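Below is upload-v7.cif, which holds mmCIF, C-alpha atoms.
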```cif
data_entry
loop_
_atom_site.label_atom_id
_atom_site.label_comp_id
_atom_site.auth_asym_id
_atom_site.auth_seq_id
_atom_site.Cartn_x
_atom_site.Cartn_y
_atom_site.Cartn_z
CA MET A 855 38.03 -25.47 96.81
CA ALA A 856 38.10 -21.94 98.09
CA GLU A 857 38.02 -22.65 101.79
CA GLY A 858 38.68 -20.08 104.48
CA SER A 859 38.06 -17.10 102.21
CA VAL A 860 35.00 -15.67 103.90
CA ALA A 861 35.07 -12.06 104.97
CA GLY A 862 36.03 -11.68 108.63
CA ASP A 863 34.49 -9.49 111.30
CA PRO A 864 36.35 -6.13 111.26
CA THR A 865 35.52 -5.68 114.95
CA ALA A 866 37.12 -8.97 115.93
CA LYS A 867 40.14 -8.94 118.24
CA PRO A 868 43.50 -10.05 116.78
CA TYR A 869 43.49 -13.23 118.85
CA ALA A 870 40.03 -14.09 117.46
CA LYS A 871 41.32 -13.78 113.90
CA GLU A 872 44.29 -15.98 114.73
CA ALA A 873 41.96 -18.50 116.33
CA ALA A 874 39.86 -18.54 113.17
CA ARG A 875 42.94 -19.22 111.05
CA ARG A 876 44.03 -22.00 113.39
CA ALA A 877 40.56 -23.53 113.10
CA ILE A 878 40.76 -23.49 109.30
CA ALA A 879 44.27 -24.97 109.41
CA ASP A 880 43.12 -27.70 111.80
CA HIS A 881 40.21 -28.51 109.50
CA LEU A 882 42.55 -28.85 106.51
CA ARG A 883 44.97 -30.99 108.51
CA ARG A 884 42.18 -33.36 109.61
CA ARG A 885 41.26 -33.79 105.95
CA GLY A 886 44.87 -34.54 105.08
CA VAL A 887 45.27 -31.38 102.99
CA ALA A 888 48.74 -29.80 102.95
CA ALA A 889 48.14 -26.06 103.18
CA GLU A 890 48.88 -22.93 105.17
CA VAL A 891 46.44 -20.26 106.28
CA GLU A 892 47.34 -16.60 106.52
CA ALA A 893 45.69 -13.19 106.47
CA CYS A 894 44.36 -11.97 103.16
CA PRO A 895 46.81 -9.19 102.18
CA GLU A 896 44.04 -6.92 100.84
CA ALA A 897 41.51 -7.66 103.61
CA ILE A 898 43.46 -8.59 106.72
CA ASP A 899 40.36 -9.55 108.68
CA SER A 900 39.78 -12.33 106.16
CA HIS A 901 41.77 -15.46 105.40
CA ARG A 902 43.80 -16.96 102.58
CA VAL A 903 44.55 -20.65 102.07
CA ILE A 904 47.84 -21.50 100.34
CA TYR A 905 47.87 -25.08 99.10
CA GLU A 906 51.17 -26.93 98.79
CA LEU A 907 52.24 -28.45 95.50
CA PRO A 908 53.58 -32.01 95.39
CA GLU A 909 57.22 -32.72 94.55
CA PRO A 910 57.79 -32.81 91.70
CA ALA A 911 55.15 -30.31 90.68
CA PRO A 912 52.81 -31.45 87.90
CA LEU A 913 53.75 -30.62 84.33
CA VAL A 914 51.66 -27.74 82.95
CA SER A 915 50.94 -27.54 79.21
CA ILE A 916 50.54 -23.86 78.30
CA ILE A 917 48.31 -23.51 75.23
CA ILE A 918 48.38 -20.18 73.36
CA PRO A 919 46.33 -19.64 70.18
CA LEU A 920 47.44 -16.83 67.87
CA ARG A 921 47.35 -15.32 64.41
CA ASP A 922 50.35 -13.08 63.66
CA ARG A 923 50.79 -10.10 66.05
CA ILE A 924 54.11 -11.53 67.26
CA SER A 925 54.69 -8.47 69.45
CA LEU A 926 51.83 -9.70 71.64
CA LEU A 927 53.34 -13.18 71.87
CA GLU A 928 56.74 -11.72 72.76
CA GLN A 929 55.10 -9.77 75.57
CA CYS A 930 53.25 -12.89 76.72
CA LEU A 931 56.42 -15.01 76.67
CA ALA A 932 58.34 -12.36 78.60
CA GLY A 933 55.73 -12.73 81.33
CA LEU A 934 56.17 -16.50 81.27
CA GLU A 935 59.91 -16.06 81.73
CA ARG A 936 59.17 -14.18 84.95
CA THR A 937 57.02 -17.07 86.19
CA ASN A 938 58.53 -19.19 88.97
CA TYR A 939 57.00 -22.49 87.84
CA ALA A 940 59.57 -24.64 86.08
CA TRP A 941 57.61 -27.66 84.86
CA THR A 942 55.92 -26.39 81.72
CA GLU A 943 55.64 -27.14 78.03
CA LEU A 944 54.58 -24.57 75.47
CA ILE A 945 52.03 -25.30 72.75
CA ILE A 946 51.32 -22.61 70.14
CA VAL A 947 48.27 -23.06 67.91
CA ASP A 948 48.85 -20.89 64.85
CA ASN A 949 45.53 -19.97 63.26
CA GLY A 950 46.60 -19.03 59.75
CA SER A 951 49.40 -16.51 60.30
CA VAL A 952 50.71 -14.98 57.07
CA GLU A 953 53.53 -12.67 58.16
CA ALA A 954 57.08 -13.85 57.47
CA ARG A 955 58.23 -12.64 60.88
CA THR A 956 55.65 -14.91 62.54
CA SER A 957 56.96 -18.00 60.75
CA GLU A 958 60.54 -17.12 61.64
CA PHE A 959 59.70 -16.46 65.29
CA LEU A 960 57.72 -19.67 65.71
CA ARG A 961 60.50 -21.69 64.07
CA GLY A 962 62.87 -20.24 66.62
CA LEU A 963 60.59 -21.32 69.47
CA GLU A 964 60.51 -24.86 68.11
CA GLN A 965 64.29 -25.04 67.76
CA GLN A 966 65.37 -23.15 70.87
CA ILE A 967 62.94 -24.23 73.58
CA GLY A 968 61.17 -27.22 72.02
CA ALA A 969 57.79 -25.55 71.75
CA GLN A 970 55.14 -27.41 69.78
CA VAL A 971 53.65 -25.31 67.00
CA LEU A 972 50.41 -26.58 65.50
CA ARG A 973 49.12 -25.09 62.27
CA ASP A 974 45.36 -24.60 61.99
CA PRO A 975 44.63 -22.26 59.07
CA GLY A 976 40.80 -22.37 59.16
CA ASP A 977 38.39 -19.67 60.27
CA PHE A 978 38.94 -18.43 63.79
CA ASN A 979 37.28 -20.77 66.27
CA PHE A 980 38.72 -20.41 69.75
CA SER A 981 37.18 -23.67 70.95
CA ARG A 982 38.67 -25.66 68.08
CA LEU A 983 42.11 -24.13 68.62
CA ILE A 984 42.08 -24.95 72.33
CA ASN A 985 40.91 -28.50 71.61
CA ARG A 986 43.72 -28.94 69.07
CA GLY A 987 46.30 -27.85 71.62
CA ALA A 988 44.85 -29.99 74.39
CA ALA A 989 44.91 -33.08 72.15
CA VAL A 990 48.73 -33.06 72.00
CA ALA A 991 49.38 -31.83 75.56
CA LYS A 992 51.48 -34.03 77.82
CA GLY A 993 50.89 -32.13 81.05
CA GLU A 994 48.68 -33.19 83.92
CA LEU A 995 47.44 -29.59 83.89
CA LEU A 996 46.39 -27.39 80.98
CA ALA A 997 46.93 -23.64 81.18
CA LEU A 998 44.86 -21.83 78.55
CA LEU A 999 46.38 -18.45 77.83
CA ASN A 1000 45.45 -15.70 75.39
CA ASN A 1001 48.37 -14.25 73.47
CA ASP A 1002 47.43 -10.81 74.84
CA ILE A 1003 47.95 -11.87 78.48
CA GLU A 1004 51.02 -10.64 80.33
CA ALA A 1005 52.03 -12.18 83.66
CA GLU A 1006 52.51 -9.45 86.24
CA GLU A 1007 54.02 -11.50 89.07
CA PRO A 1008 56.01 -14.74 89.28
CA GLY A 1009 53.67 -16.82 91.43
CA TRP A 1010 50.48 -16.78 89.35
CA LEU A 1011 50.86 -20.26 87.84
CA ARG A 1012 51.87 -21.89 91.10
CA GLU A 1013 48.76 -20.40 92.73
CA MET A 1014 46.42 -21.60 89.99
CA ALA A 1015 48.01 -25.06 89.75
CA SER A 1016 47.76 -25.57 93.51
CA TYR A 1017 44.00 -25.16 93.26
CA ALA A 1018 43.53 -27.11 90.02
CA ILE A 1019 45.02 -30.29 91.53
CA GLN A 1020 42.59 -30.30 94.46
CA PRO A 1021 39.93 -33.04 94.31
CA GLY A 1022 36.56 -31.66 93.30
CA VAL A 1023 37.94 -28.60 91.55
CA GLY A 1024 37.16 -27.94 87.89
CA ALA A 1025 38.48 -24.76 86.25
CA VAL A 1026 40.63 -22.17 88.03
CA GLY A 1027 40.61 -18.53 86.93
CA ALA A 1028 42.92 -15.59 87.56
CA ARG A 1029 42.44 -11.92 88.40
CA LEU A 1030 43.00 -10.03 85.17
CA TRP A 1031 43.68 -6.31 84.97
CA TYR A 1032 43.53 -3.86 82.13
CA PRO A 1033 46.78 -1.95 81.53
CA ASN A 1034 45.18 1.15 83.12
CA GLY A 1035 44.82 -0.68 86.45
CA THR A 1036 41.09 -1.42 86.35
CA LEU A 1037 39.71 -4.92 86.76
CA GLN A 1038 38.82 -6.91 83.65
CA HIS A 1039 37.98 -10.28 85.22
CA GLY A 1040 36.86 -10.94 88.77
CA ALA A 1041 35.07 -14.26 88.14
CA VAL A 1042 31.83 -14.53 86.18
CA ALA A 1043 28.27 -13.84 87.33
CA LEU A 1044 25.68 -15.72 85.30
CA GLY A 1045 22.79 -13.83 83.76
CA VAL A 1046 24.40 -10.41 84.01
CA GLY A 1047 23.99 -8.63 80.71
CA GLY A 1048 21.90 -11.46 79.25
CA VAL A 1049 24.24 -14.47 79.44
CA ALA A 1050 27.14 -13.74 81.80
CA GLY A 1051 29.30 -10.83 82.92
CA HIS A 1052 32.69 -10.30 84.54
CA GLY A 1053 32.39 -9.52 88.22
CA HIS A 1054 33.42 -6.06 89.44
CA TYR A 1055 34.22 -4.96 85.91
CA ARG A 1056 36.43 -1.85 85.75
CA VAL A 1057 36.78 -1.34 89.50
CA PRO A 1058 40.19 0.22 90.30
CA ARG A 1059 43.03 -1.54 92.06
CA GLY A 1060 42.53 -1.49 95.80
CA HIS A 1061 38.73 -1.57 95.56
CA PRO A 1062 37.49 -4.53 97.64
CA GLY A 1063 34.38 -5.12 95.55
CA TYR A 1064 31.07 -6.38 96.85
CA PHE A 1065 31.69 -7.75 100.38
CA ASN A 1066 35.43 -8.03 99.58
CA ARG A 1067 34.77 -10.39 96.68
CA ALA A 1068 37.30 -8.64 94.45
CA CYS A 1069 40.12 -9.71 96.78
CA LEU A 1070 39.09 -13.10 98.19
CA GLN A 1071 39.50 -16.65 96.89
CA GLN A 1072 36.08 -18.01 96.06
CA ASN A 1073 34.06 -20.65 94.26
CA CYS A 1074 32.08 -19.32 91.31
CA SER A 1075 29.99 -20.51 88.40
CA ALA A 1076 32.54 -19.69 85.69
CA VAL A 1077 35.90 -18.12 84.90
CA THR A 1078 37.37 -16.81 81.66
CA ALA A 1079 39.50 -18.95 79.36
CA ALA A 1080 41.76 -15.97 78.70
CA CYS A 1081 43.73 -17.42 81.63
CA MET A 1082 42.42 -20.73 82.94
CA VAL A 1083 44.06 -23.80 84.50
CA VAL A 1084 42.31 -27.18 84.53
CA ARG A 1085 43.36 -30.79 84.93
CA ARG A 1086 43.71 -32.47 81.56
CA GLU A 1087 41.60 -35.43 82.67
CA VAL A 1088 38.83 -33.04 83.69
CA PHE A 1089 39.05 -31.22 80.34
CA GLU A 1090 38.79 -34.51 78.48
CA SER A 1091 35.97 -35.84 80.67
CA VAL A 1092 33.56 -33.20 79.33
CA GLY A 1093 34.81 -33.34 75.75
CA GLY A 1094 36.78 -30.09 75.81
CA PHE A 1095 35.37 -26.83 74.50
CA GLU A 1096 32.11 -26.59 72.56
CA GLU A 1097 33.07 -25.84 68.95
CA ASN A 1098 29.60 -24.47 68.18
CA LEU A 1099 30.72 -21.53 70.32
CA ALA A 1100 33.54 -20.23 68.16
CA ILE A 1101 34.18 -16.89 69.84
CA SER A 1102 31.88 -16.04 72.76
CA PHE A 1103 30.79 -17.92 75.88
CA ASN A 1104 32.75 -21.12 75.16
CA ASP A 1105 34.44 -20.78 78.55
CA ILE A 1106 31.09 -20.22 80.29
CA ASP A 1107 29.63 -23.31 78.65
CA PHE A 1108 32.74 -25.32 79.61
CA CYS A 1109 32.55 -24.23 83.25
CA LEU A 1110 28.83 -25.00 83.46
CA ARG A 1111 29.46 -28.50 82.13
CA LEU A 1112 32.08 -28.95 84.85
CA ARG A 1113 29.57 -27.84 87.49
CA ALA A 1114 27.00 -30.24 86.05
CA ARG A 1115 29.52 -32.99 86.87
CA GLY A 1116 29.72 -31.84 90.47
CA LEU A 1117 33.02 -29.93 90.16
CA GLN A 1118 33.62 -26.49 91.64
CA ASN A 1119 35.18 -23.67 89.65
CA VAL A 1120 37.52 -21.39 91.59
CA TRP A 1121 38.66 -17.81 91.10
CA THR A 1122 41.78 -16.58 92.87
CA PRO A 1123 42.93 -12.95 93.25
CA TYR A 1124 46.46 -14.17 94.00
CA ALA A 1125 47.17 -14.81 90.33
CA ASN A 1126 47.41 -11.32 88.84
CA LEU A 1127 47.98 -10.78 85.11
CA ILE A 1128 47.46 -7.97 82.63
CA HIS A 1129 44.94 -8.55 79.85
CA HIS A 1130 45.41 -6.41 76.78
CA GLU A 1131 41.89 -7.54 75.85
CA SER A 1132 40.97 -7.79 72.17
CA ALA A 1133 44.36 -6.49 71.09
CA SER A 1134 44.66 -9.26 68.53
CA ARG A 1135 41.06 -9.58 67.32
CA GLY A 1136 39.32 -6.31 68.16
CA HIS A 1137 35.73 -5.94 69.34
CA HIS A 1138 32.49 -7.07 67.69
CA THR A 1139 32.03 -4.14 65.31
CA LEU A 1140 31.27 -5.72 61.93
CA PRO A 1141 27.69 -6.84 61.18
CA GLU A 1142 28.75 -10.47 60.74
CA GLU A 1143 30.60 -10.39 64.07
CA GLN A 1144 27.56 -8.96 65.81
CA ALA A 1145 25.37 -11.62 64.17
CA GLN A 1146 27.68 -14.38 65.42
CA PHE A 1147 27.63 -12.93 68.93
CA PHE A 1148 23.82 -12.96 68.80
CA ARG A 1149 23.76 -16.58 67.60
CA GLU A 1150 26.09 -17.70 70.35
CA SER A 1151 24.06 -15.81 72.96
CA ILE A 1152 20.92 -17.61 71.80
CA PHE A 1153 22.78 -20.95 71.91
CA MET A 1154 23.68 -20.32 75.55
CA GLN A 1155 20.21 -19.14 76.53
CA ASN A 1156 18.60 -22.18 74.92
CA LYS A 1157 21.03 -24.59 76.57
CA TRP A 1158 21.49 -23.06 80.00
CA ALA A 1159 18.45 -20.83 80.66
CA PRO A 1160 17.70 -22.08 84.23
CA GLU A 1161 21.36 -21.77 85.27
CA LEU A 1162 21.75 -18.30 83.76
CA LEU A 1163 18.84 -17.05 85.86
CA ASP A 1164 19.93 -18.77 89.08
CA ASP A 1165 23.64 -18.34 89.75
CA PRO A 1166 24.16 -19.80 93.26
CA PHE A 1167 27.08 -17.41 93.81
CA TYR A 1168 25.18 -14.24 92.87
CA ASN A 1169 22.56 -12.90 95.26
CA PRO A 1170 19.04 -12.83 93.74
CA ASN A 1171 18.57 -9.37 95.24
CA LEU A 1172 21.24 -8.07 92.84
CA THR A 1173 20.47 -6.84 89.35
CA LEU A 1174 21.17 -8.71 86.13
CA ASP A 1175 21.68 -5.39 84.35
CA TRP A 1176 25.26 -4.78 83.25
CA PRO A 1177 27.69 -4.53 85.03
CA GLY A 1178 25.90 -6.13 88.01
CA PHE A 1179 26.44 -6.08 91.79
CA ASP A 1180 23.85 -3.33 92.33
CA LEU A 1181 20.52 -3.91 94.02
CA GLY A 1182 17.80 -5.04 91.64
CA PHE A 1183 14.08 -4.48 91.89
CA PRO A 1184 12.07 -6.56 92.24
CA PRO A 1185 14.38 -9.25 93.62
CA ARG A 1186 14.50 -12.47 91.67
CA GLU A 1187 13.10 -15.60 93.28
CA ARG A 1188 15.77 -18.26 93.57
CA GLU A 1189 14.87 -21.70 92.31
CA ARG A 1190 15.35 -24.37 94.97
CA ARG A 1191 17.57 -27.04 93.50
CA GLY A 1192 19.56 -29.67 95.32
CA SER A 1193 22.59 -29.15 93.09
CA ALA A 1194 23.18 -25.56 94.14
CA CYS A 1195 26.21 -25.13 96.37
CA SER A 1196 27.24 -22.34 98.68
CA PRO A 1197 30.53 -20.52 97.93
CA LEU A 1198 32.32 -22.21 100.82
#
```
How would this structure read if it were set down as C-alpha cells?
Amino acid sequence: MAEGSVAGDPTAKPYAKEAARRAIADHLRRRGVAAEVEACPEAIDSHRVIYELPEPAPLVSIIIPLRDRISLLEQCLAGLERTNYAWTELIIVDNGSVEARTSEFLRGLEQQIGAQVLRDPGDFNFSRLINRGAAVAKGELLALLNNDIEAEEPGWLREMASYAIQPGVGAVGARLWYPNGTLQHGAVALGVGGVAGHGHYRVPRGHPGYFNRACLQQNCSAVTAACMVVRREVFESVGGFEENLAISFNDIDFCLRLRARGLQNVWTPYANLIHHESASRGHHTLPEEQAQFFRESIFMQNKWAPELLDDPFYNPNLTLDWPGFDLGFPPRERERRGSACSPL
C-alpha cells in the first residue's frame, strides 16, 4: 500500500527528513518488505517508497481492446517498446474491426511477436472485452491498457507491478496526462459530478494539487481502467468487470468491489503516460450514447449510493460539484463505518 507518501513539514530540517525516511525504511524492514525510501522528486519534503520486484519478475499480460484505428495501436505499441519491463505477453481484443489494414497489422503481431488476437465482433462493451482478454491471460498480473494510451517513460510498468504484487493491494492506477500537458487522471474521487470524477482534472504539469496529492503515492477508492494493473487472482476473485456497465463506470464498480473485499486501491504518480482520451470512440454526443451514460449512472447510484457519498479519501468539507477539491458548503457529514480506512 502507499506507505510513506504523506506530505512532509516544509519547515523541517534536512536531518529530520532523513530521519523520517529512515523510520519508514525501518518499518518496512521489520515487516519483511523489500523497498527503498527516497525523497519525492516533485515534493522533496515528502517521501517515496520504491518496492523491489522479485527475480524473475512476474509475467504481465497486457490487454488492449480496439476497433480499427491502427495508428493508435502503433503509437501505443511504440510506447510499450520503450518500457523496461521484459516479462510481458500481449493480448489484443479486436471488437469488430473492418479495415483491411487492421487485419494485416494484427496478423503481423501474431506471427512476429506471438501476440494473441481475440475476435469479438459484438456491440462495444468494454467490460466484456476486458473479461475476454483476462480469460486467456497467462500472467500473474493483468495490465489493462486503452489503445489510445502512450507510455511516456520506461519505468511505468515496473512501478505499477511493484505495487500490484503487494499483499492487500487491489488495483493500481497510473498518472495520465493529456497531450497538452494537463492532468487527465489523478485517482478517482467518489461522488464528484454525481458518480465519480478524476482528481485534479486538467491541472498543469508541476502543479502539486490539493496538499500535494497530484504528486504523491496514495491509496484511493478507485482508479481508471484506461491504465490499470491488478493481480489476475484478484481480478478473478470478484468476477472481473461488470458487463452491465458497457462503457462508463465499470472501473469504478470494479475498484469498489475490491475495496468491499478489504483490498486497497493505489494510485502512483511515478507511472506517467499520455492519454489521447476518446480518440477511438469519441465523446457521448449521440442521444443513444447519452441515454446509456444515464442508465449506467443510475446503475451505480442504485448499487453504491452510500459509498459514492462517503469517499474515505475525499474530505467531506470538499464539494461534490465538478471538478472537485474546492470547499463545499455546507460540509457533508461523514458516515461512521468500521470499514473506512485512512489513506496511509
Mind telling me what the PyMOL selection byres ((chain A and resi 960) around 10) catches here, as a compact mmCIF listing (two decimals) with C-alpha atoms, in the coordinates of the input?
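This is the output file selection_38.txt:
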```
# COMPACT_ATOMS: atom_id res chain seq x y z
CA ILE A 924 54.11 -11.53 67.26
CA LEU A 927 53.34 -13.18 71.87
CA ILE A 946 51.32 -22.61 70.14
CA ASP A 948 48.85 -20.89 64.85
CA ARG A 955 58.23 -12.64 60.88
CA THR A 956 55.65 -14.91 62.54
CA SER A 957 56.96 -18.00 60.75
CA GLU A 958 60.54 -17.12 61.64
CA PHE A 959 59.70 -16.46 65.29
CA ARG A 961 60.50 -21.69 64.07
CA GLY A 962 62.87 -20.24 66.62
CA LEU A 963 60.59 -21.32 69.47
CA GLU A 964 60.51 -24.86 68.11
CA GLN A 965 64.29 -25.04 67.76
CA GLN A 966 65.37 -23.15 70.87
CA ALA A 969 57.79 -25.55 71.75
CA GLN A 970 55.14 -27.41 69.78
CA VAL A 971 53.65 -25.31 67.00
```
Inset, instruction - Would you mind telling me which residue in A:His1129, A:Gly1024, A:Pro1058, A:Lys1157 lies nearest to A:Thr1036 when using all atoms listed in the file? - result: A:Pro1058
Inset, instruction - Take the point (45.8, -21.0, 55.9) as written in the file and pick out every residue within 9 Å of it, counting only C-alpha atoms; give the list as an MDAnalysis selection string. - result: chainID A and resid 949:952 973:977
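With all atoms listed in the file as the basis for measurement, A:Gln1155 is the residue among A:Asn1171, A:Gln929, A:Gln1155, A:Ser1091 that approaches A:Gly1047 most closely.
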Inset, instruction - Just give me the gap between atom CA of A:Arg1186 and atom CA of A:Tyr1168 in Å, one decimal is fine. - result: 10.9 Å
Inset, instruction - Find, counting only C-alpha atoms, the residue in A:Ile917, A:Leu972, A:Cys930, A:Leu1070 that gets nearest to A:Asp899. - result: A:Leu1070
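This file, filtered with the PyMOL selection byres ((chain A and resi 938) around 10), gives the residues Leu934, Glu935, Arg936, Thr937, Tyr939, Ala940, Trp941, Glu1007, Pro1008, Gly1009, Trp1010, Leu1011 and Arg1012 of chain A.
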Inset, instruction - In Å, rounded to a single decimal, give me how far atom CA of A:Ser915 is from atom CA of A:Leu931. - result: 13.9 Å
